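Trainee: Next comes input-v2.pdb, PDB, C-alpha atoms:
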```pdb
ATOM      1  CA  ASP A   1     179.696  20.811 270.661  1.00  0.00           C
ATOM      2  CA  LEU A   2     179.937  23.651 268.138  1.00  0.00           C
ATOM      3  CA  PRO A   3     182.271  26.545 269.102  1.00  0.00           C
ATOM      4  CA  GLY A   4     180.604  28.756 271.687  1.00  0.00           C
ATOM      5  CA  GLY A   5     177.942  26.141 272.344  1.00  0.00           C
ATOM      6  CA  VAL A   6     175.814  27.581 269.548  1.00  0.00           C
ATOM      7  CA  GLN A   7     172.605  25.712 268.690  1.00  0.00           C
ATOM      8  CA  ARG A   8     171.514  25.984 265.052  1.00  0.00           C
ATOM      9  CA  ILE A   9     170.367  23.995 262.049  1.00  0.00           C
ATOM     10  CA  ARG A  10     173.067  21.905 260.396  1.00  0.00           C
ATOM     11  CA  THR A  11     174.559  23.318 257.223  1.00  0.00           C
ATOM     12  CA  ALA A  12     176.448  21.717 254.344  1.00  0.00           C
ATOM     13  CA  GLU A  13     179.654  23.194 255.753  1.00  0.00           C
ATOM     14  CA  ASP A  14     178.969  21.482 259.087  1.00  0.00           C
ATOM     15  CA  ALA A  15     178.539  18.148 257.319  1.00  0.00           C
ATOM     16  CA  ARG A  16     181.839  18.550 255.467  1.00  0.00           C
ATOM     17  CA  GLY A  17     183.678  19.563 258.631  1.00  0.00           C
ATOM     18  CA  MET A  18     182.171  16.932 260.931  1.00  0.00           C
ATOM     19  CA  ARG A  19     185.486  15.124 261.257  1.00  0.00           C
ATOM     20  CA  ARG A  20     186.913  18.161 263.035  1.00  0.00           C
ATOM     21  CA  LEU A  21     184.460  17.459 265.873  1.00  0.00           C
ATOM     22  CA  TYR A  22     184.022  13.681 265.830  1.00  0.00           C
ATOM     23  CA  ALA A  23     185.817  10.543 264.699  1.00  0.00           C
ATOM     24  CA  GLU A  24     184.729   6.976 264.065  1.00  0.00           C
ATOM     25  CA  GLY A  25     184.218   5.189 267.365  1.00  0.00           C
ATOM     26  CA  ASP A  26     183.185   8.283 269.347  1.00  0.00           C
ATOM     27  CA  LEU A  27     180.174   7.844 271.634  1.00  0.00           C
ATOM     28  CA  LEU A  28     177.390  10.410 271.331  1.00  0.00           C
ATOM     29  CA  SER A  29     174.142  11.169 273.100  1.00  0.00           C
ATOM     30  CA  ALA A  30     171.399  12.487 270.825  1.00  0.00           C
ATOM     31  CA  GLU A  31     167.761  12.132 269.900  1.00  0.00           C
ATOM     32  CA  VAL A  32     166.844  10.186 266.782  1.00  0.00           C
ATOM     33  CA  GLN A  33     164.938  12.728 264.712  1.00  0.00           C
ATOM     34  CA  GLN A  34     164.359  10.629 261.601  1.00  0.00           C
ATOM     35  CA  VAL A  35     165.180   7.269 260.031  1.00  0.00           C
ATOM     36  CA  THR A  36     165.266   7.402 256.243  1.00  0.00           C
ATOM     37  CA  GLN A  37     163.309   4.572 254.619  1.00  0.00           C
ATOM     38  CA  SER A  38     165.603   4.228 251.608  1.00  0.00           C
ATOM     39  CA  ASP A  39     168.912   3.332 253.241  1.00  0.00           C
ATOM     40  CA  GLY A  40     168.205   3.403 257.001  1.00  0.00           C
ATOM     41  CA  THR A  41     170.300   6.514 257.617  1.00  0.00           C
ATOM     42  CA  LEU A  42     169.767   8.037 261.059  1.00  0.00           C
ATOM     43  CA  ILE A  43     169.308  11.778 261.398  1.00  0.00           C
ATOM     44  CA  LEU A  44     170.274  12.805 264.928  1.00  0.00           C
ATOM     45  CA  HIS A  45     169.107  15.864 266.796  1.00  0.00           C
ATOM     46  CA  THR A  46     170.818  17.627 269.725  1.00  0.00           C
ATOM     47  CA  ARG A  47     168.420  20.158 271.195  1.00  0.00           C
ATOM     48  CA  SER A  48     170.643  21.367 274.008  1.00  0.00           C
ATOM     49  CA  LEU A  49     174.131  21.124 275.497  1.00  0.00           C
ATOM     50  CA  ARG A  50     173.035  18.083 277.519  1.00  0.00           C
ATOM     51  CA  TYR A  51     173.671  16.128 274.343  1.00  0.00           C
ATOM     52  CA  GLY A  52     176.949  15.628 272.539  1.00  0.00           C
ATOM     53  CA  LYS A  53     180.157  13.654 272.806  1.00  0.00           C
ATOM     54  CA  LEU A  54     180.487  11.276 275.755  1.00  0.00           C
ATOM     55  CA  GLU A  55     183.914  11.146 277.387  1.00  0.00           C
ATOM     56  CA  ASN A  56     185.619  10.012 280.575  1.00  0.00           C
ATOM     57  CA  GLY A  57     183.028   7.422 281.582  1.00  0.00           C
ATOM     58  CA  CYS A  58     181.839   3.863 281.154  1.00  0.00           C
ATOM     59  CA  ALA A  59     179.447   2.425 278.539  1.00  0.00           C
ATOM     60  CA  VAL A  60     177.169  -0.580 279.082  1.00  0.00           C
ATOM     61  CA  GLN A  61     174.922  -2.238 276.502  1.00  0.00           C
ATOM     62  CA  VAL A  62     171.706  -3.991 277.564  1.00  0.00           C
ATOM     63  CA  PRO A  63     168.696  -5.330 275.614  1.00  0.00           C
ATOM     64  CA  PRO A  64     166.431  -2.396 274.648  1.00  0.00           C
ATOM     65  CA  GLY A  65     163.482  -4.342 276.057  1.00  0.00           C
ATOM     66  CA  LEU A  66     164.802  -3.666 279.561  1.00  0.00           C
ATOM     67  CA  ILE A  67     164.543   0.103 279.075  1.00  0.00           C
ATOM     68  CA  ARG A  68     161.260   1.794 279.935  1.00  0.00           C
ATOM     69  CA  ARG A  69     160.133   5.061 278.425  1.00  0.00           C
ATOM     70  CA  MET A  70     160.698   7.744 281.038  1.00  0.00           C
ATOM     71  CA  ARG A  71     160.134  11.475 281.245  1.00  0.00           C
ATOM     72  CA  GLN A  72     163.845  11.941 281.905  1.00  0.00           C
ATOM     73  CA  HIS A  73     166.538   9.564 280.642  1.00  0.00           C
ATOM     74  CA  MET A  74     169.406  11.597 282.091  1.00  0.00           C
ATOM     75  CA  CYS A  75     169.714  11.513 285.855  1.00  0.00           C
ATOM     76  CA  THR A  76     172.149  12.066 288.690  1.00  0.00           C
ATOM     77  CA  LEU A  77     172.281   9.439 291.430  1.00  0.00           C
ATOM     78  CA  THR A  78     172.215  11.619 294.523  1.00  0.00           C
ATOM     79  CA  ASP A  79     174.861  11.097 297.234  1.00  0.00           C
ATOM     80  CA  ILE A  80     176.860   8.937 294.805  1.00  0.00           C
ATOM     81  CA  GLY A  81     178.123  11.646 292.479  1.00  0.00           C
ATOM     82  CA  VAL A  82     177.400   9.666 289.314  1.00  0.00           C
ATOM     83  CA  ASP A  83     175.449  10.685 286.198  1.00  0.00           C
ATOM     84  CA  VAL A  84     173.589   7.979 284.272  1.00  0.00           C
ATOM     85  CA  LEU A  85     172.254   8.326 280.733  1.00  0.00           C
ATOM     86  CA  ILE A  86     169.793   5.532 279.895  1.00  0.00           C
ATOM     87  CA  GLY A  87     169.337   5.315 276.129  1.00  0.00           C
ATOM     88  CA  CYS A  88     166.194   3.875 274.552  1.00  0.00           C
ATOM     89  CA  ASN A  89     168.460   1.769 272.314  1.00  0.00           C
ATOM     90  CA  GLY A  90     169.867  -0.070 275.340  1.00  0.00           C
ATOM     91  CA  GLY A  91     173.043   1.978 275.540  1.00  0.00           C
ATOM     92  CA  ILE A  92     173.792   3.223 279.050  1.00  0.00           C
ATOM     93  CA  TRP A  93     176.480   5.793 279.829  1.00  0.00           C
ATOM     94  CA  ILE A  94     177.878   6.210 283.359  1.00  0.00           C
ATOM     95  CA  GLN A  95     180.183   9.046 284.378  1.00  0.00           C
ATOM     96  CA  ARG A  96     181.234  11.227 287.279  1.00  0.00           C
ATOM     97  CA  ALA A  97     178.509  13.785 287.957  1.00  0.00           C
ATOM     98  CA  MET A  98     178.796  16.907 285.834  1.00  0.00           C
ATOM     99  CA  PRO A  99     179.080  20.121 287.900  1.00  0.00           C
ATOM    100  CA  LYS A 100     176.017  22.347 287.654  1.00  0.00           C
ATOM    101  CA  VAL A 101     176.240  26.056 286.949  1.00  0.00           C
ATOM    102  CA  GLY A 102     175.902  27.856 290.272  1.00  0.00           C
ATOM    103  CA  ASP A 103     176.750  24.845 292.461  1.00  0.00           C
ATOM    104  CA  ALA A 104     178.544  26.023 295.575  1.00  0.00           C
ATOM    105  CA  GLY A 105     180.186  22.638 296.039  1.00  0.00           C
ATOM    106  CA  ALA A 106     180.976  21.758 292.465  1.00  0.00           C
ATOM    107  CA  GLY A 107     184.616  21.187 293.307  1.00  0.00           C
ATOM    108  CA  GLY A 108     187.732  21.378 291.181  1.00  0.00           C
ATOM    109  CA  VAL A 109     186.131  20.689 287.822  1.00  0.00           C
ATOM    110  CA  ALA A 110     183.706  23.593 288.132  1.00  0.00           C
ATOM    111  CA  ALA A 111     186.288  25.955 289.550  1.00  0.00           C
ATOM    112  CA  SER A 112     188.673  25.184 286.704  1.00  0.00           C
ATOM    113  CA  ALA A 113     185.908  25.580 284.142  1.00  0.00           C
ATOM    114  CA  ALA A 114     185.230  29.044 285.487  1.00  0.00           C
ATOM    115  CA  GLY A 115     188.815  29.931 284.647  1.00  0.00           C
ATOM    116  CA  GLY A 116     190.138  30.008 288.191  1.00  0.00           C
ATOM    117  CA  GLY A 117     191.984  26.709 288.068  1.00  0.00           C
ATOM    118  CA  GLY A 118     191.184  26.205 291.734  1.00  0.00           C
ATOM    119  CA  ASN A 119     193.725  28.855 292.753  1.00  0.00           C
ATOM    120  CA  ASP A 120     191.475  31.929 292.945  1.00  0.00           C
ATOM    121  CA  GLY A 121     190.598  31.594 296.584  1.00  0.00           C
ATOM    122  CA  SER A 122     187.585  29.340 296.003  1.00  0.00           C
ATOM    123  CA  ALA A 123     189.101  26.194 297.416  1.00  0.00           C
ATOM    124  CA  ASN A 124     185.715  24.780 298.356  1.00  0.00           C
ATOM    125  CA  GLY A 125     184.278  25.294 294.870  1.00  0.00           C
ATOM    126  CA  SER A 126     182.247  28.271 293.713  1.00  0.00           C
ATOM    127  CA  ALA A 127     179.442  29.223 291.413  1.00  0.00           C
ATOM    128  CA  VAL A 128     180.467  28.824 287.786  1.00  0.00           C
ATOM    129  CA  ASP A 129     180.380  32.057 285.764  1.00  0.00           C
ATOM    130  CA  GLU A 130     177.199  33.360 287.321  1.00  0.00           C
ATOM    131  CA  ASP A 131     178.275  36.985 286.932  1.00  0.00           C
ATOM    132  CA  GLY A 132     177.179  37.104 283.298  1.00  0.00           C
ATOM    133  CA  ALA A 133     180.718  37.633 282.023  1.00  0.00           C
ATOM    134  CA  ALA A 134     180.292  34.691 279.642  1.00  0.00           C
ATOM    135  CA  PRO A 135     177.193  33.340 277.879  1.00  0.00           C
ATOM    136  CA  LEU A 136     175.629  30.331 279.560  1.00  0.00           C
ATOM    137  CA  ALA A 137     176.241  28.112 276.522  1.00  0.00           C
ATOM    138  CA  GLU A 138     179.981  28.864 276.562  1.00  0.00           C
ATOM    139  CA  THR A 139     180.147  28.243 280.309  1.00  0.00           C
ATOM    140  CA  LEU A 140     178.433  24.858 279.962  1.00  0.00           C
ATOM    141  CA  GLN A 141     180.696  23.898 277.097  1.00  0.00           C
ATOM    142  CA  ARG A 142     183.816  24.742 279.124  1.00  0.00           C
ATOM    143  CA  ILE A 143     182.488  22.656 282.013  1.00  0.00           C
ATOM    144  CA  ARG A 144     182.002  19.677 279.660  1.00  0.00           C
ATOM    145  CA  GLN A 145     185.485  20.060 278.203  1.00  0.00           C
ATOM    146  CA  ARG A 146     187.128  20.364 281.617  1.00  0.00           C
ATOM    147  CA  HIS A 147     185.091  17.421 282.896  1.00  0.00           C
ATOM    148  CA  ALA A 148     186.339  15.284 280.006  1.00  0.00           C
ATOM    149  CA  LYS A 149     189.988  16.191 280.629  1.00  0.00           C
ATOM    150  CA  CYS A 150     189.963  15.960 284.437  1.00  0.00           C
ATOM    151  CA  ALA A 151     191.189  12.585 285.733  1.00  0.00           C
ATOM    152  CA  VAL A 152     188.688  10.399 287.594  1.00  0.00           C
ATOM    153  CA  LEU A 153     189.715   9.911 291.228  1.00  0.00           C
ATOM    154  CA  PRO A 154     189.931   6.375 292.674  1.00  0.00           C
ATOM    155  CA  ASP A 155     186.833   6.739 294.861  1.00  0.00           C
ATOM    156  CA  GLU A 156     184.886   8.177 291.919  1.00  0.00           C
ATOM    157  CA  ARG A 157     186.012   5.251 289.774  1.00  0.00           C
ATOM    158  CA  GLN A 158     184.789   2.827 292.443  1.00  0.00           C
ATOM    159  CA  ASN A 159     181.357   4.468 292.429  1.00  0.00           C
ATOM    160  CA  ILE A 160     181.165   4.388 288.628  1.00  0.00           C
ATOM    161  CA  VAL A 161     182.100   0.706 288.481  1.00  0.00           C
ATOM    162  CA  ARG A 162     179.661  -0.184 291.261  1.00  0.00           C
ATOM    163  CA  VAL A 163     176.870   1.518 289.298  1.00  0.00           C
ATOM    164  CA  ARG A 164     178.014  -0.303 286.171  1.00  0.00           C
ATOM    165  CA  ASN A 165     177.906  -3.649 287.969  1.00  0.00           C
ATOM    166  CA  SER A 166     174.460  -2.786 289.326  1.00  0.00           C
ATOM    167  CA  VAL A 167     173.256  -2.353 285.737  1.00  0.00           C
ATOM    168  CA  GLU A 168     174.852  -5.653 284.733  1.00  0.00           C
ATOM    169  CA  CYS A 169     173.176  -7.452 287.641  1.00  0.00           C
ATOM    170  CA  LEU A 170     169.784  -6.123 286.547  1.00  0.00           C
ATOM    171  CA  ARG A 171     170.496  -7.253 282.992  1.00  0.00           C
ATOM    172  CA  LEU A 172     171.408 -10.763 284.103  1.00  0.00           C
ATOM    173  CA  VAL A 173     168.101 -11.221 285.961  1.00  0.00           C
ATOM    174  CA  HIS A 174     166.050  -9.499 283.218  1.00  0.00           C
ATOM    175  CA  CYS A 175     164.773  -6.635 285.390  1.00  0.00           C
ATOM    176  CA  PHE A 176     163.843  -3.208 284.060  1.00  0.00           C
ATOM    177  CA  ILE A 177     166.703  -0.740 284.306  1.00  0.00           C
ATOM    178  CA  THR A 178     165.665   2.608 285.782  1.00  0.00           C
ATOM    179  CA  PRO A 179     167.378   5.060 288.146  1.00  0.00           C
ATOM    180  CA  ASP A 180     165.367   3.570 291.035  1.00  0.00           C
ATOM    181  CA  THR A 181     166.307  -0.056 290.319  1.00  0.00           C
ATOM    182  CA  ILE A 182     169.962   0.882 289.781  1.00  0.00           C
ATOM    183  CA  ARG A 183     170.026   2.690 293.110  1.00  0.00           C
ATOM    184  CA  THR A 184     168.287  -0.215 294.873  1.00  0.00           C
ATOM    185  CA  VAL A 185     170.909  -2.712 293.668  1.00  0.00           C
ATOM    186  CA  TYR A 186     173.723  -0.278 294.464  1.00  0.00           C
ATOM    187  CA  ASP A 187     172.495   0.218 298.026  1.00  0.00           C
ATOM    188  CA  GLU A 188     171.926  -3.513 298.517  1.00  0.00           C
ATOM    189  CA  SER A 189     175.533  -4.244 297.509  1.00  0.00           C
ATOM    190  CA  LEU A 190     176.746  -1.791 300.149  1.00  0.00           C
ATOM    191  CA  LYS A 191     174.376  -3.265 302.724  1.00  0.00           C
ATOM    192  CA  LEU A 192     175.872  -6.709 302.069  1.00  0.00           C
ATOM    193  CA  CYS A 193     179.397  -5.219 302.323  1.00  0.00           C
ATOM    194  CA  LEU A 194     180.324  -6.503 298.875  1.00  0.00           C
ATOM    195  CA  LYS A 195     183.425  -5.365 297.089  1.00  0.00           C
ATOM    196  CA  VAL A 196     182.896  -4.118 293.555  1.00  0.00           C
ATOM    197  CA  GLY A 197     184.484  -7.224 292.027  1.00  0.00           C
ATOM    198  CA  GLU A 198     182.287  -9.558 294.080  1.00  0.00           C
ATOM    199  CA  MET A 199     179.000  -8.192 292.763  1.00  0.00           C
ATOM    200  CA  MET A 200     179.127 -10.273 289.575  1.00  0.00           C
ATOM    201  CA  ARG A 201     179.337 -13.633 291.323  1.00  0.00           C
ATOM    202  CA  PRO A 202     176.143 -15.565 290.471  1.00  0.00           C
ATOM    203  CA  ASP A 203     175.063 -15.957 294.094  1.00  0.00           C
ATOM    204  CA  TYR A 204     175.641 -12.279 294.837  1.00  0.00           C
ATOM    205  CA  VAL A 205     173.834 -11.240 291.639  1.00  0.00           C
ATOM    206  CA  LEU A 206     170.719 -12.930 293.017  1.00  0.00           C
ATOM    207  CA  ALA A 207     171.272 -11.432 296.465  1.00  0.00           C
ATOM    208  CA  VAL A 208     171.642  -7.793 295.372  1.00  0.00           C
ATOM    209  CA  THR A 209     168.701  -7.979 292.953  1.00  0.00           C
ATOM    210  CA  GLU A 210     166.322  -9.757 295.348  1.00  0.00           C
ATOM    211  CA  PRO A 211     164.513  -6.557 296.499  1.00  0.00           C
ATOM    212  CA  THR A 212     163.984  -5.490 292.889  1.00  0.00           C
ATOM    213  CA  ARG A 213     162.809  -8.917 291.772  1.00  0.00           C
ATOM    214  CA  THR A 214     160.459  -9.171 294.732  1.00  0.00           C
ATOM    215  CA  ARG A 215     158.792  -5.848 293.908  1.00  0.00           C
ATOM    216  CA  SER A 216     158.409  -6.663 290.212  1.00  0.00           C
ATOM    217  CA  SER A 217     156.984 -10.149 290.734  1.00  0.00           C
TER     218      SER A 217
END
```
Go ahead and render the structure in this file as structure tokens.
Mentor:
Amino acid sequence: DLPGGVQRIRTAEDARGMRRLYAEGDLLSAEVQQVTQSDGTLILHTRSLRYGKLENGCAVQVPPGLIRRMRQHMCTLTDIGVDVLIGCNGGIWIQRAMPKVGDAGAGGVAASAAGGGGNDGSANGSAVDEDGAAPLAETLQRIRQRHAKCAVLPDERQNIVRVRNSVECLRLVHCFITPDTIRTVYDESLKLCLKVGEMMRPDYVLAVTEPTRTRSS
């Protein structure tokens, strides 16, 4: 989240000016690089622009024991348009899918991030700054900023909440939470024609998690 998307070692000036970037209560995604033995201070590490401040989404907390170590903890649920970040500490972040650089169908967020504002003739979405006019880091940072400011549409909000409820259902029945199990519960809720608000009823919790529980037993 530094200006220009620059990646470098933290300096004393960065530490003093941290409040210009973050405030108490902000949600962040990062890797835990070190835990000091003296006072338990966490030293966080952000190796790429995938990490940083989390905005315009939904947070869920589950027991860390339900999180498996995976090769990739950030995933996009295909055909749903939702990104899920599954933290090893039990924190799960759910948001509208972030446009990818070069996506032809990235939509309004990507088009606006490229500086066109959706009015440059690319009504169907276009590749984002692929002409080399701007460094990749700056392009990705603009996409993140525009994504955070762009309002979530009602159908996108429905998808986010349905994914959130899928996570909660898995938590209630003590099943491991992975992209596959989330998607299985999500699809089962649609198969049963459940409204988002009905998913948390105890009888429906058991119904939508039955395929997952059957496989894990």
Trainee: List the spatial neighbours of A:Leu54 as a list in words - criterion: any atom at most 7 Å away, only C-alpha atoms, same-chain residues fewer than 3 positions off excluded.
Mentor: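 What passes the distance filter is Leu27, Leu28 and Ser29 of chain A.
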Trainee: Do a neighbour search on stretch 31-44 of chain A at 12 Å with all atoms listed in the file, toss out local chain neighbours closer than 6 positions, and write the hits as an MDAnalysis selection string.
Mentor: chainID A and resid 9:10 15 50:52 73 87:89
Trainee: Hey, what's within 12 Å of A:Asp180 if we count only C-alpha atoms and toss same-chain stuff fewer than 6 positions away? As a VMD selection string, please?
Mentor: chain A and resid 68 70 75 to 78 84 163 166 to 167 170 186 to 187 211 to 212 215
Trainee: Which residues would end up in the selection if the PyMOL selection byres ((chain A and resi 148-161) around 8) were applied here, given that I need the answer as an mmCIF file with C-alpha atoms, in the frame of the given file?
Mentor:
```cif
data_model
loop_
_atom_site.group_PDB
_atom_site.id
_atom_site.type_symbol
_atom_site.label_atom_id
_atom_site.label_comp_id
_atom_site.auth_asym_id
_atom_site.auth_seq_id
_atom_site.Cartn_x
_atom_site.Cartn_y
_atom_site.Cartn_z
ATOM 1 C CA GLU A 55 183.914 11.146 277.387
ATOM 2 C CA ASN A 56 185.619 10.012 280.575
ATOM 3 C CA GLY A 57 183.028 7.422 281.582
ATOM 4 C CA CYS A 58 181.839 3.863 281.154
ATOM 5 C CA ILE A 80 176.860 8.937 294.805
ATOM 6 C CA GLY A 81 178.123 11.646 292.479
ATOM 7 C CA VAL A 82 177.400 9.666 289.314
ATOM 8 C CA ILE A 94 177.878 6.210 283.359
ATOM 9 C CA GLN A 95 180.183 9.046 284.378
ATOM 10 C CA ARG A 96 181.234 11.227 287.279
ATOM 11 C CA VAL A 109 186.131 20.689 287.822
ATOM 12 C CA ARG A 144 182.002 19.677 279.660
ATOM 13 C CA GLN A 145 185.485 20.060 278.203
ATOM 14 C CA ARG A 146 187.128 20.364 281.617
ATOM 15 C CA HIS A 147 185.091 17.421 282.896
ATOM 16 C CA ARG A 162 179.661 -0.184 291.261
ATOM 17 C CA VAL A 163 176.870 1.518 289.298
ATOM 18 C CA ARG A 164 178.014 -0.303 286.171
ATOM 19 C CA ASN A 165 177.906 -3.649 287.969
ATOM 20 C CA VAL A 196 182.896 -4.118 293.555
#
```
Trainee: What does the structure give for the distance between atom CA of A:Pro63 and atom CA of A:Gly90, in Å to one decimal?
Mentor: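 A separation of 5.4 Å between them.
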